[in-house]
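Peer 1: File input.cif below, mmCIF, C-alpha atoms:
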data_coords
loop_
_atom_site.group_PDB
_atom_site.id
_atom_site.type_symbol
_atom_site.label_atom_id
_atom_site.label_comp_id
_atom_site.auth_asym_id
_atom_site.auth_seq_id
_atom_site.Cartn_x
_atom_site.Cartn_y
_atom_site.Cartn_z
ATOM 1 C CA MET A 1191 25.559 32.901 -17.696
ATOM 2 C CA VAL A 1192 23.138 33.483 -14.845
ATOM 3 C CA TYR A 1193 21.647 30.006 -14.908
ATOM 4 C CA ARG A 1194 25.064 28.342 -15.013
ATOM 5 C CA LEU A 1195 26.130 30.255 -11.908
ATOM 6 C CA VAL A 1196 23.173 28.833 -9.972
ATOM 7 C CA LEU A 1197 24.441 25.295 -10.284
ATOM 8 C CA VAL A 1198 28.082 26.264 -9.929
ATOM 9 C CA ALA A 1199 27.272 28.089 -6.688
ATOM 10 C CA LEU A 1200 25.426 25.042 -5.395
ATOM 11 C CA LEU A 1201 28.383 22.804 -6.175
ATOM 12 C CA ALA A 1202 30.868 25.242 -4.696
ATOM 13 C CA LEU A 1203 28.966 25.669 -1.457
ATOM 14 C CA SER A 1204 28.393 21.944 -1.123
ATOM 15 C CA SER A 1205 32.116 21.258 -0.889
ATOM 16 C CA GLN A 1206 32.206 22.864 2.534
ATOM 17 C CA VAL A 1207 29.761 20.270 3.856
ATOM 18 C CA VAL A 1208 32.525 17.695 3.881
ATOM 19 C CA HIS A 1209 34.466 19.848 6.297
ATOM 20 C CA SER A 1210 31.634 20.997 8.574
ATOM 21 C CA GLU A 1211 29.127 18.134 8.529
ATOM 22 C CA LYS A 1212 29.402 14.486 9.454
ATOM 23 C CA VAL A 1213 30.256 12.350 6.439
ATOM 24 C CA VAL A 1214 29.186 8.711 6.679
ATOM 25 C CA PRO A 1215 30.462 6.094 4.207
ATOM 26 C CA ASP A 1216 27.806 3.505 3.353
ATOM 27 C CA GLU A 1217 28.238 -0.198 2.609
ATOM 28 C CA ARG A 1218 29.559 0.637 -0.859
ATOM 29 C CA ASN A 1219 32.092 3.052 0.610
ATOM 30 C CA MET A 1220 30.168 5.972 -0.884
ATOM 31 C CA ARG A 1221 30.761 9.254 0.941
ATOM 32 C CA ARG A 1222 27.476 10.966 1.744
ATOM 33 C CA ALA A 1223 26.867 14.289 3.471
ATOM 34 C CA ASN A 1224 23.847 16.352 4.432
ATOM 35 C CA MET A 1225 23.885 19.743 2.700
ATOM 36 C CA ASN A 1226 20.631 21.272 3.975
ATOM 37 C CA VAL A 1227 22.157 24.550 5.165
ATOM 38 C CA TYR A 1228 23.806 25.305 1.846
ATOM 39 C CA THR A 1229 20.825 24.227 -0.217
ATOM 40 C CA ASP A 1230 18.597 26.538 1.835
ATOM 41 C CA TYR A 1231 20.944 29.421 1.051
ATOM 42 C CA VAL A 1232 20.991 28.781 -2.696
ATOM 43 C CA MET A 1233 17.212 28.189 -2.823
ATOM 44 C CA THR A 1234 16.600 31.790 -1.741
ATOM 45 C CA TYR A 1235 17.876 32.892 -5.162
ATOM 46 C CA ILE A 1236 15.811 30.513 -7.314
ATOM 47 C CA ALA A 1237 12.536 32.487 -7.437
ATOM 48 C CA PRO A 1238 14.391 35.709 -8.430
ATOM 49 C CA ILE A 1239 16.148 33.716 -11.161
ATOM 50 C CA PHE A 1240 12.761 32.589 -12.523
ATOM 51 C CA ARG A 1241 11.642 36.225 -12.739
ATOM 52 C CA GLU A 1242 14.896 37.533 -14.210
ATOM 53 C CA SER A 1243 14.907 34.847 -16.889
ATOM 54 C CA GLY A 1244 11.317 35.561 -17.995
ATOM 55 C CA LEU A 1245 10.077 32.122 -16.947
ATOM 56 C CA VAL A 1246 7.277 33.897 -15.075
ATOM 57 C CA PRO A 1247 4.796 35.339 -15.777
ATOM 58 C CA MET A 1248 4.016 32.185 -17.781
ATOM 59 C CA ALA A 1249 1.313 32.178 -20.477
ATOM 60 C CA LEU A 1250 -1.291 29.443 -19.981
ATOM 61 C CA PRO A 1251 -3.204 27.782 -22.851
ATOM 62 C CA ASP A 1252 -6.796 28.603 -23.825
ATOM 63 C CA THR A 1253 -9.386 25.859 -23.590
ATOM 64 C CA SER A 1254 -13.095 25.171 -24.071
ATOM 65 C CA ILE A 1255 -14.793 22.606 -21.832
ATOM 66 C CA GLY A 1256 -18.366 21.349 -21.979
ATOM 67 C CA TRP A 1257 -20.304 20.867 -18.767
ATOM 68 C CA GLU A 1258 -23.679 19.757 -17.420
ATOM 69 C CA ALA A 1259 -25.327 20.376 -14.044
ATOM 70 C CA GLN A 1260 -28.685 19.736 -12.366
ATOM 71 C CA PRO A 1261 -29.021 22.192 -9.453
ATOM 72 C CA ILE A 1262 -32.663 21.252 -8.645
ATOM 73 C CA TRP A 1263 -34.951 19.637 -11.215
ATOM 74 C CA ILE A 1264 -33.737 21.242 -14.418
ATOM 75 C CA THR A 1265 -30.585 20.071 -16.142
ATOM 76 C CA TYR A 1266 -28.432 22.865 -17.538
ATOM 77 C CA GLY A 1267 -25.573 22.487 -19.941
ATOM 78 C CA GLY A 1268 -23.095 24.700 -21.667
ATOM 79 C CA ILE A 1269 -19.522 25.411 -22.663
ATOM 80 C CA ILE A 1270 -16.982 27.424 -20.728
ATOM 81 C CA ASP A 1271 -14.133 29.155 -22.522
ATOM 82 C CA LEU A 1272 -10.986 29.908 -20.502
ATOM 83 C CA HIS A 1273 -8.648 32.434 -22.131
ATOM 84 C CA ASN A 1274 -5.958 35.040 -21.383
ATOM 85 C CA GLY A 1275 -4.492 32.694 -18.788
ATOM 86 C CA ARG A 1276 -1.246 33.376 -17.012
ATOM 87 C CA LEU A 1277 0.762 32.068 -14.098
ATOM 88 C CA ASP A 1278 1.762 35.360 -12.488
ATOM 89 C CA ASP A 1279 4.632 34.223 -10.332
ATOM 90 C CA ILE A 1280 6.430 31.444 -8.488
ATOM 91 C CA GLU A 1281 6.736 33.384 -5.270
ATOM 92 C CA THR A 1282 9.063 31.201 -3.226
ATOM 93 C CA VAL A 1283 11.081 28.024 -3.668
ATOM 94 C CA ARG A 1284 12.423 26.211 -0.631
ATOM 95 C CA ARG A 1285 13.794 22.838 0.350
ATOM 96 C CA ALA A 1286 11.118 20.186 0.910
ATOM 97 C CA ASP A 1287 13.247 17.442 2.440
ATOM 98 C CA ASP A 1288 16.801 16.578 3.400
ATOM 99 C CA CYS A 1289 19.310 17.256 0.644
ATOM 100 C CA PHE A 1290 22.334 14.990 0.219
ATOM 101 C CA LEU A 1291 25.624 15.144 -1.602
ATOM 102 C CA SER A 1292 27.405 11.856 -2.297
ATOM 103 C CA TYR A 1293 30.669 11.014 -3.993
ATOM 104 C CA ASN A 1294 31.783 7.658 -5.322
ATOM 105 C CA ARG A 1295 34.093 6.572 -8.146
ATOM 106 C CA GLN A 1296 34.453 10.070 -9.601
ATOM 107 C CA LEU A 1297 30.689 10.623 -9.609
ATOM 108 C CA LEU A 1298 29.205 13.455 -7.581
ATOM 109 C CA ARG A 1299 25.485 13.114 -6.921
ATOM 110 C CA MET A 1300 23.054 15.708 -5.584
ATOM 111 C CA GLU A 1301 19.581 14.726 -4.389
ATOM 112 C CA ILE A 1302 17.322 17.738 -3.934
ATOM 113 C CA ALA A 1303 13.624 18.069 -3.072
ATOM 114 C CA SER A 1304 12.122 21.517 -3.606
ATOM 115 C CA ILE A 1305 8.682 22.907 -2.863
ATOM 116 C CA LEU A 1306 7.048 25.678 -4.874
ATOM 117 C CA THR A 1307 5.053 27.314 -2.114
ATOM 118 C CA ARG A 1308 2.733 29.759 -3.912
ATOM 119 C CA MET A 1309 1.894 30.296 -7.598
ATOM 120 C CA PRO A 1310 -0.878 32.863 -8.293
ATOM 121 C CA PHE A 1311 -2.800 32.595 -11.579
ATOM 122 C CA HIS A 1312 -5.533 34.330 -13.596
ATOM 123 C CA TYR A 1313 -7.974 33.282 -16.327
ATOM 124 C CA ASP A 1314 -10.777 35.156 -18.100
ATOM 125 C CA TYR A 1315 -13.875 33.059 -18.696
ATOM 126 C CA GLU A 1316 -17.025 33.088 -20.763
ATOM 127 C CA THR A 1317 -19.728 30.470 -20.360
ATOM 128 C CA ARG A 1318 -22.894 30.028 -22.417
ATOM 129 C CA VAL A 1319 -25.730 28.451 -20.444
ATOM 130 C CA MET A 1320 -28.779 27.072 -22.245
ATOM 131 C CA GLY A 1321 -31.821 29.103 -21.263
ATOM 132 C CA LEU A 1322 -29.865 31.581 -19.126
ATOM 133 C CA GLY A 1323 -27.551 33.390 -21.522
ATOM 134 C CA ILE A 1324 -23.870 34.298 -21.498
ATOM 135 C CA PHE A 1325 -21.841 34.965 -18.362
ATOM 136 C CA ARG A 1326 -18.403 36.601 -18.409
ATOM 137 C CA GLY A 1327 -15.833 37.286 -15.752
ATOM 138 C CA TRP A 1328 -12.494 36.084 -14.505
ATOM 139 C CA VAL A 1329 -11.058 33.432 -12.254
ATOM 140 C CA GLU A 1330 -8.161 34.084 -9.902
ATOM 141 C CA GLY A 1331 -6.435 31.989 -7.304
ATOM 142 C CA HIS A 1332 -3.194 30.228 -6.577
ATOM 143 C CA MET A 1333 -1.555 26.838 -6.512
ATOM 144 C CA GLU A 1334 0.669 25.947 -3.603
ATOM 145 C CA ASN A 1335 2.930 23.217 -2.261
ATOM 146 C CA MET A 1336 4.075 21.560 -5.476
ATOM 147 C CA VAL A 1337 6.952 19.254 -4.536
ATOM 148 C CA ILE A 1338 9.553 18.426 -7.187
ATOM 149 C CA ARG A 1339 12.474 16.031 -6.683
ATOM 150 C CA PHE A 1340 15.710 16.360 -8.643
ATOM 151 C CA ASP A 1341 18.646 14.014 -8.953
ATOM 152 C CA PHE A 1342 21.804 15.480 -10.499
ATOM 153 C CA LEU A 1343 24.970 13.611 -11.381
ATOM 154 C CA LEU A 1344 28.328 15.225 -12.142
ATOM 155 C CA ASP A 1345 30.960 13.095 -13.844
ATOM 156 C CA MET A 1346 34.196 14.367 -12.304
ATOM 157 C CA PHE A 1347 36.255 12.764 -15.079
ATOM 158 C CA ASP A 1348 35.000 14.981 -17.917
ATOM 159 C CA PHE A 1349 32.997 17.468 -15.793
ATOM 160 C CA PHE A 1350 29.720 16.615 -17.513
ATOM 161 C CA LEU A 1351 26.466 17.257 -15.631
ATOM 162 C CA PHE A 1352 23.349 15.102 -15.980
ATOM 163 C CA MET A 1353 19.821 15.337 -14.613
ATOM 164 C CA GLN A 1354 19.036 11.744 -13.695
ATOM 165 C CA ASP A 1355 15.555 12.337 -12.370
ATOM 166 C CA PHE A 1356 12.853 15.004 -12.332
ATOM 167 C CA ARG A 1357 9.592 14.074 -10.636
ATOM 168 C CA VAL A 1358 6.557 15.922 -9.293
ATOM 169 C CA THR A 1359 5.823 13.943 -6.133
ATOM 170 C CA GLN A 1360 3.075 16.145 -4.718
ATOM 171 C CA ILE A 1361 0.441 17.992 -6.733
ATOM 172 C CA ALA A 1362 -0.231 21.555 -5.706
ATOM 173 C CA ASP A 1363 -3.241 22.510 -3.606
ATOM 174 C CA MET A 1364 -5.704 24.772 -5.417
ATOM 175 C CA HIS A 1365 -7.496 27.918 -4.245
ATOM 176 C CA VAL A 1366 -9.970 29.408 -6.766
ATOM 177 C CA ARG A 1367 -12.269 32.468 -6.721
ATOM 178 C CA VAL A 1368 -14.778 33.533 -9.406
ATOM 179 C CA ARG A 1369 -14.992 37.303 -10.048
ATOM 180 C CA GLY A 1370 -16.732 39.824 -12.301
ATOM 181 C CA ASN A 1371 -20.265 38.432 -12.557
ATOM 182 C CA VAL A 1372 -23.151 37.735 -10.219
ATOM 183 C CA LEU A 1373 -23.574 33.968 -10.438
ATOM 184 C CA THR A 1374 -25.773 31.518 -8.638
ATOM 185 C CA ASP A 1375 -23.875 29.283 -6.250
ATOM 186 C CA TRP A 1376 -24.292 26.209 -8.402
ATOM 187 C CA LEU A 1377 -22.911 27.901 -11.545
ATOM 188 C CA ALA A 1378 -19.972 29.365 -9.622
ATOM 189 C CA ASN A 1379 -19.234 25.895 -8.260
ATOM 190 C CA VAL A 1380 -19.348 24.442 -11.788
ATOM 191 C CA ILE A 1381 -16.771 26.977 -12.973
ATOM 192 C CA ILE A 1382 -14.526 26.370 -9.947
ATOM 193 C CA ASP A 1383 -14.684 22.583 -10.426
ATOM 194 C CA ILE A 1384 -13.766 22.915 -14.115
ATOM 195 C CA VAL A 1385 -10.808 25.208 -13.349
ATOM 196 C CA ILE A 1386 -9.513 22.857 -10.631
ATOM 197 C CA PHE A 1387 -9.814 19.851 -12.961
ATOM 198 C CA PHE A 1388 -8.033 21.727 -15.754
ATOM 199 C CA PHE A 1389 -5.202 22.843 -13.470
ATOM 200 C CA GLN A 1390 -4.686 19.491 -11.760
ATOM 201 C CA ASN A 1391 -4.158 17.881 -15.124
ATOM 202 C CA THR A 1392 -3.146 20.109 -18.040
ATOM 203 C CA ILE A 1393 -1.689 23.100 -16.178
ATOM 204 C CA THR A 1394 0.252 21.091 -13.580
ATOM 205 C CA ASN A 1395 1.869 19.129 -16.403
ATOM 206 C CA LEU A 1396 2.603 22.354 -18.302
ATOM 207 C CA VAL A 1397 4.319 23.950 -15.304
ATOM 208 C CA SER A 1398 6.271 20.753 -14.612
ATOM 209 C CA ASP A 1399 7.378 20.377 -18.238
ATOM 210 C CA THR A 1400 8.352 24.049 -18.487
ATOM 211 C CA LEU A 1401 10.472 23.869 -15.331
ATOM 212 C CA GLN A 1402 12.128 20.650 -16.495
ATOM 213 C CA GLU A 1403 12.964 22.225 -19.848
ATOM 214 C CA PHE A 1404 14.328 25.330 -18.094
ATOM 215 C CA ILE A 1405 16.604 23.229 -15.878
ATOM 216 C CA GLN A 1406 17.759 21.076 -18.806
ATOM 217 C CA LEU A 1407 18.687 24.198 -20.793
ATOM 218 C CA THR A 1408 20.643 25.378 -17.756
ATOM 219 C CA ILE A 1409 22.484 22.048 -17.601
ATOM 220 C CA ASP A 1410 23.211 22.258 -21.325
ATOM 221 C CA GLU A 1411 24.741 25.689 -20.722
ATOM 222 C CA VAL A 1412 26.850 24.288 -17.878
ATOM 223 C CA ASN A 1413 28.105 21.478 -20.116
ATOM 224 C CA THR A 1414 28.812 23.828 -23.019
ATOM 225 C CA ASN A 1415 30.999 25.951 -20.748
ATOM 226 C CA ARG A 1416 32.540 23.084 -18.819
ATOM 227 C CA VAL A 1417 36.100 24.053 -19.887
ATOM 228 C CA ARG A 1418 35.865 27.080 -17.580
ATOM 229 C CA PHE A 1419 33.836 25.090 -15.105
ATOM 230 C CA ALA A 1420 36.547 22.419 -14.946
ATOM 231 C CA ASP A 1421 38.735 24.489 -12.622
ATOM 232 C CA VAL A 1422 35.881 24.782 -10.109
ATOM 233 C CA ALA A 1423 35.014 21.106 -10.363
ATOM 234 C CA SER A 1424 38.647 20.071 -9.920
ATOM 235 C CA ALA A 1425 38.936 22.124 -6.742
ATOM 236 C CA LEU A 1426 35.633 20.662 -5.541
ATOM 237 C CA LYS A 1427 36.907 17.122 -6.114
ATOM 238 C CA GLN A 1428 40.081 17.874 -4.162
ATOM 239 C CA SER A 1429 38.070 19.293 -1.268
ATOM 240 C CA LEU A 1430 35.891 16.191 -1.149
ATOM 241 C CA GLU A 1431 38.851 13.828 -1.197
ATOM 242 C CA THR A 1432 40.807 15.663 1.503
ATOM 243 C CA SER A 1433 37.913 16.981 3.657
ATOM 244 C CA ASP A 1434 39.578 20.364 3.288
ATOM 245 C CA PRO A 1435 37.576 23.329 1.907
ATOM 246 C CA THR A 1436 40.737 25.341 1.172
ATOM 247 C CA PRO A 1437 40.922 24.484 -2.571
ATOM 248 C CA MET A 1438 37.413 25.899 -3.013
ATOM 249 C CA ALA A 1439 38.059 29.078 -1.043
ATOM 250 C CA GLN A 1440 39.361 30.934 -4.084
ATOM 251 C CA PHE A 1441 36.174 30.129 -6.012
ATOM 252 C CA SER A 1442 33.287 30.196 -3.517
ATOM 253 C CA GLU A 1443 33.363 33.904 -2.659
ATOM 254 C CA ASN A 1444 33.826 35.007 -6.261
ATOM 255 C CA ILE A 1445 31.036 32.757 -7.523
ATOM 256 C CA ILE A 1446 28.527 34.090 -5.016
ATOM 257 C CA ARG A 1447 29.564 37.695 -5.752
ATOM 258 C CA MET A 1448 29.123 37.133 -9.494
ATOM 259 C CA TYR A 1449 25.836 35.330 -8.880
ATOM 260 C CA GLN A 1450 24.423 38.245 -6.889
ATOM 261 C CA LYS A 1451 25.599 40.724 -9.512
ATOM 262 C CA TYR A 1452 23.894 39.000 -12.409
ATOM 263 C CA VAL A 1453 20.564 38.332 -10.694
ATOM 264 C CA ASN A 1454 20.432 41.777 -9.043
ATOM 265 C CA VAL A 1455 19.762 40.488 -5.551
#
Is it possible to express this structure as structure tokens?
Peer 2:
Amino acid sequence: MVYRLVLVALLALSSQVVHSEKVVPDERNMRRANMNVYTDYVMTYIAPIFRESGLVPMALPDTSIGWEAQPIWITYGGIIDLHNGRLDDIETVRRADDCFLSYNRQLLRMEIASILTRMPFHYDYETRVMGLGIFRGWVEGHMENMVIRFDFLLDMFDFFLFMQDFRVTQIADMHVRVRGNVLTDWLANVIIDIVIFFFQNTITNLVSDTLQEFIQLTIDEVNTNRVRFADVASALKQSLETSDPTPMAQFSENIIRMYQKYVNV
């Protein structure tokens, strides 16, 4: 119920763009409007939705990675085990670029770029170094500025919603700190390099895939309940065709009130 209201609220708010923003038909006579203001408003609720739904904290997979380093003349090697990993939060989600709503031939399209601004994480580690022994501690840090682009399509004929595109277009920056053990600089740097490599590949893909699955499940819920959603979509279509937000007035306020109730914000 909660996740469906997110997308319904976005659709409902977007209808008002036609009335308040400049709508420019392109060469294919497609009506296109900027909906930045309304997207910004809805985006403020996304991070709380992630927390309420249990998406975060997110468990991260264990791994063992071999390594080798030559700090001066002696070559050291070993294995580092990363375990008890978790992504603690997705602190904020905001718009990364202009957001557009277009309508053509009973198809409503939303193009949205979002940026996940800060995602703190934690991993325990244990590394066995030949000739030096076993070192234990933990790694903490955060990823930031992961940009994801979405492309949604709503068929106004049968009120079916599709996700046409989901792409990570910018990989998050990484900030890593090693804690809990007195390490030489070179060994600390080895651990940091391994964590960054692991996150930039495996963990970034895991976060991306998990978010995509979460959104797809939300869309599936929207489509399952599209009989009730049809009334909202019909009013939205009428508002777009007439440049009059009045048909949506009876829905917009109620949707936002319900949305706030269910997410406790």
Peer 1: Have a look at A:Thr1392, A:Phe1349, A:Arg1357, A:Leu1401 and name the one nearest to Ala1425 in chain A; count all atoms listed in the file.
Peer 2: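 The shortest atom-to-atom distance to Ala1425 in chain A comes from A:Phe1349.
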Peer 1: Check what the PyMOL selection byres ((chain A and resi 1280-1283) around 7) selects in the file above and give those residues as a list of chain:residue names.
Peer 2: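 Evaluating the PyMOL selection byres ((chain A and resi 1280-1283) around 7) on this file yields A:Met1233, A:Thr1234, A:Ile1236, A:Ala1237, A:Asp1279, A:Arg1284, A:Ser1304, A:Ile1305, A:Leu1306, A:Thr1307, A:Arg1308, A:Met1309.
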Peer 1: May I ask for the distance between CA of Gly1327 in chain A and CA of Ser1398 in chain A, given in Å to one decimal place?
Peer 2: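 CA of Ser1398 in chain A lies at a distance of 27.6 Å from CA of Gly1327 in chain A.
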Peer 1: Hey, which of A:Asp1434, A:Asp1278, A:Glu1334, A:Asp1314 ends up closest to Arg1241 in chain A? Count all atoms listed in the file.
Peer 2: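 Among A:Asp1434, A:Asp1278, A:Glu1334, A:Asp1314, it is A:Asp1278 that comes nearest to Arg1241 in chain A.
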Peer 1: Please report the interatomic distance between CA of Gln1406 in chain A and CA of Leu1245 in chain A in Å with one decimal.
Peer 2: 13.6 Å
Peer 1: Rounded to one decimal in Å, what is the spacing between CA of Thr1317 in chain A and CA of Ile1381 in chain A?
Peer 2: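 We find that CA of Thr1317 in chain A and CA of Ile1381 in chain A lie 8.7 Å from each other.
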Peer 1: Write out as a list of chain:residue names which residues come within 10 Å of Gly1370 in chain A when counting only C-alpha atoms, dropping same-chain ones fewer than 4 positions away.
Peer 2: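 Final neighbour list, sorted by chain and number: A:Asp1314, A:Tyr1315, A:Phe1325, A:Arg1326, A:Gly1327, A:Trp1328, A:Val1329.
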Peer 1: For a quick check of understanding, using all atoms listed in the file, which of A:Met1364, A:Cys1289, A:Leu1250, A:Ile1255 has the smallest distance to Val1227 in chain A?
Peer 2: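 Checking each candidate against Val1227 in chain A, we get A:Cys1289 as the closest.
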Peer 1: Can you work out which one of A:Leu1343, A:Ile1361, A:Ile1386, A:Val1319 has the shortest atom-to-atom distance to Gly1256 in chain A, counting all atoms listed in the file?
Peer 2: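 Counting all atoms listed in the file, the residue closest to Gly1256 in chain A is A:Val1319.
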Peer 1: Taking into account only C-alpha atoms, which residue in the set A:Trp1376, A:Trp1263, A:Phe1290, A:Phe1240 is nearest to Arg1222 in chain A?
Peer 2: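 Of A:Trp1376, A:Trp1263, A:Phe1290, A:Phe1240, the one nearest Arg1222 in chain A, counting only C-alpha atoms, is A:Phe1290.
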Peer 1: I'd like to see the residues matched by the PyMOL selection byres ((chain A and resi 1365) around 6) on this file, and ideally I'd get them as a list in words.
Peer 2: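 After applying the PyMOL selection byres ((chain A and resi 1365) around 6), what remains is Gly1331, His1332, Met1364 and Val1366 of chain A.
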Peer 1: For this structure, which residues satisfy the selection - the PyMOL selection byres ((chain A and resi 1298) around 8) - when it is evaluated on the file as given? I want them as a PyMOL selection string.
Peer 2: chain A and resi 1291-1294+1296-1297+1299-1300+1343-1346
Peer 1: My list of candidates is A:Leu1377, A:Ile1302, A:Ile1384, A:Ile1270. Which is closest to Asp1230 in chain A when distances are computed with all atoms listed in the file?
Peer 2: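 Closest candidate: A:Ile1302.
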Peer 1: Just need the box for range 1399-1412 of chain A, edges along x, y and z, holding every atom the file lists for it with 6 Å tacked onto each side, so centre and edge lengths in Å to one decimal, as JSON.
Peer 2:
{"center_x": 17.1, "center_y": 23.0, "center_z": -18.3, "size_x": 31.5, "size_y": 17.3, "size_z": 18.0}
Peer 1: So that I can see what lies close to Arg1339 in chain A, please list as a list in words the residues with an atom at most 10 Å from it, counting all atoms listed in the file and leaving out residues fewer than 4 positions away in the same chain.
Peer 2: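 Skipping anything fewer than 4 positions along the chain leaves Arg1285, Ala1286, Asp1287, Glu1301, Ile1302, Ala1303, Ser1304, Ile1305, Asp1355, Phe1356, Arg1357, Val1358, Thr1359 and Gln1360 of chain A.
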Peer 1: Taking (-9.3, 31.4, -21.9) in the file's own coordinates, collect the residues within 6 Å, counting all atoms listed in the file, and hand them back as a list in words.
Peer 2: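 Output of the proximity query reads Asp1252, Thr1253, Asp1271, Leu1272, His1273, Asn1274, Gly1275, Asp1314 and Tyr1315 of chain A.
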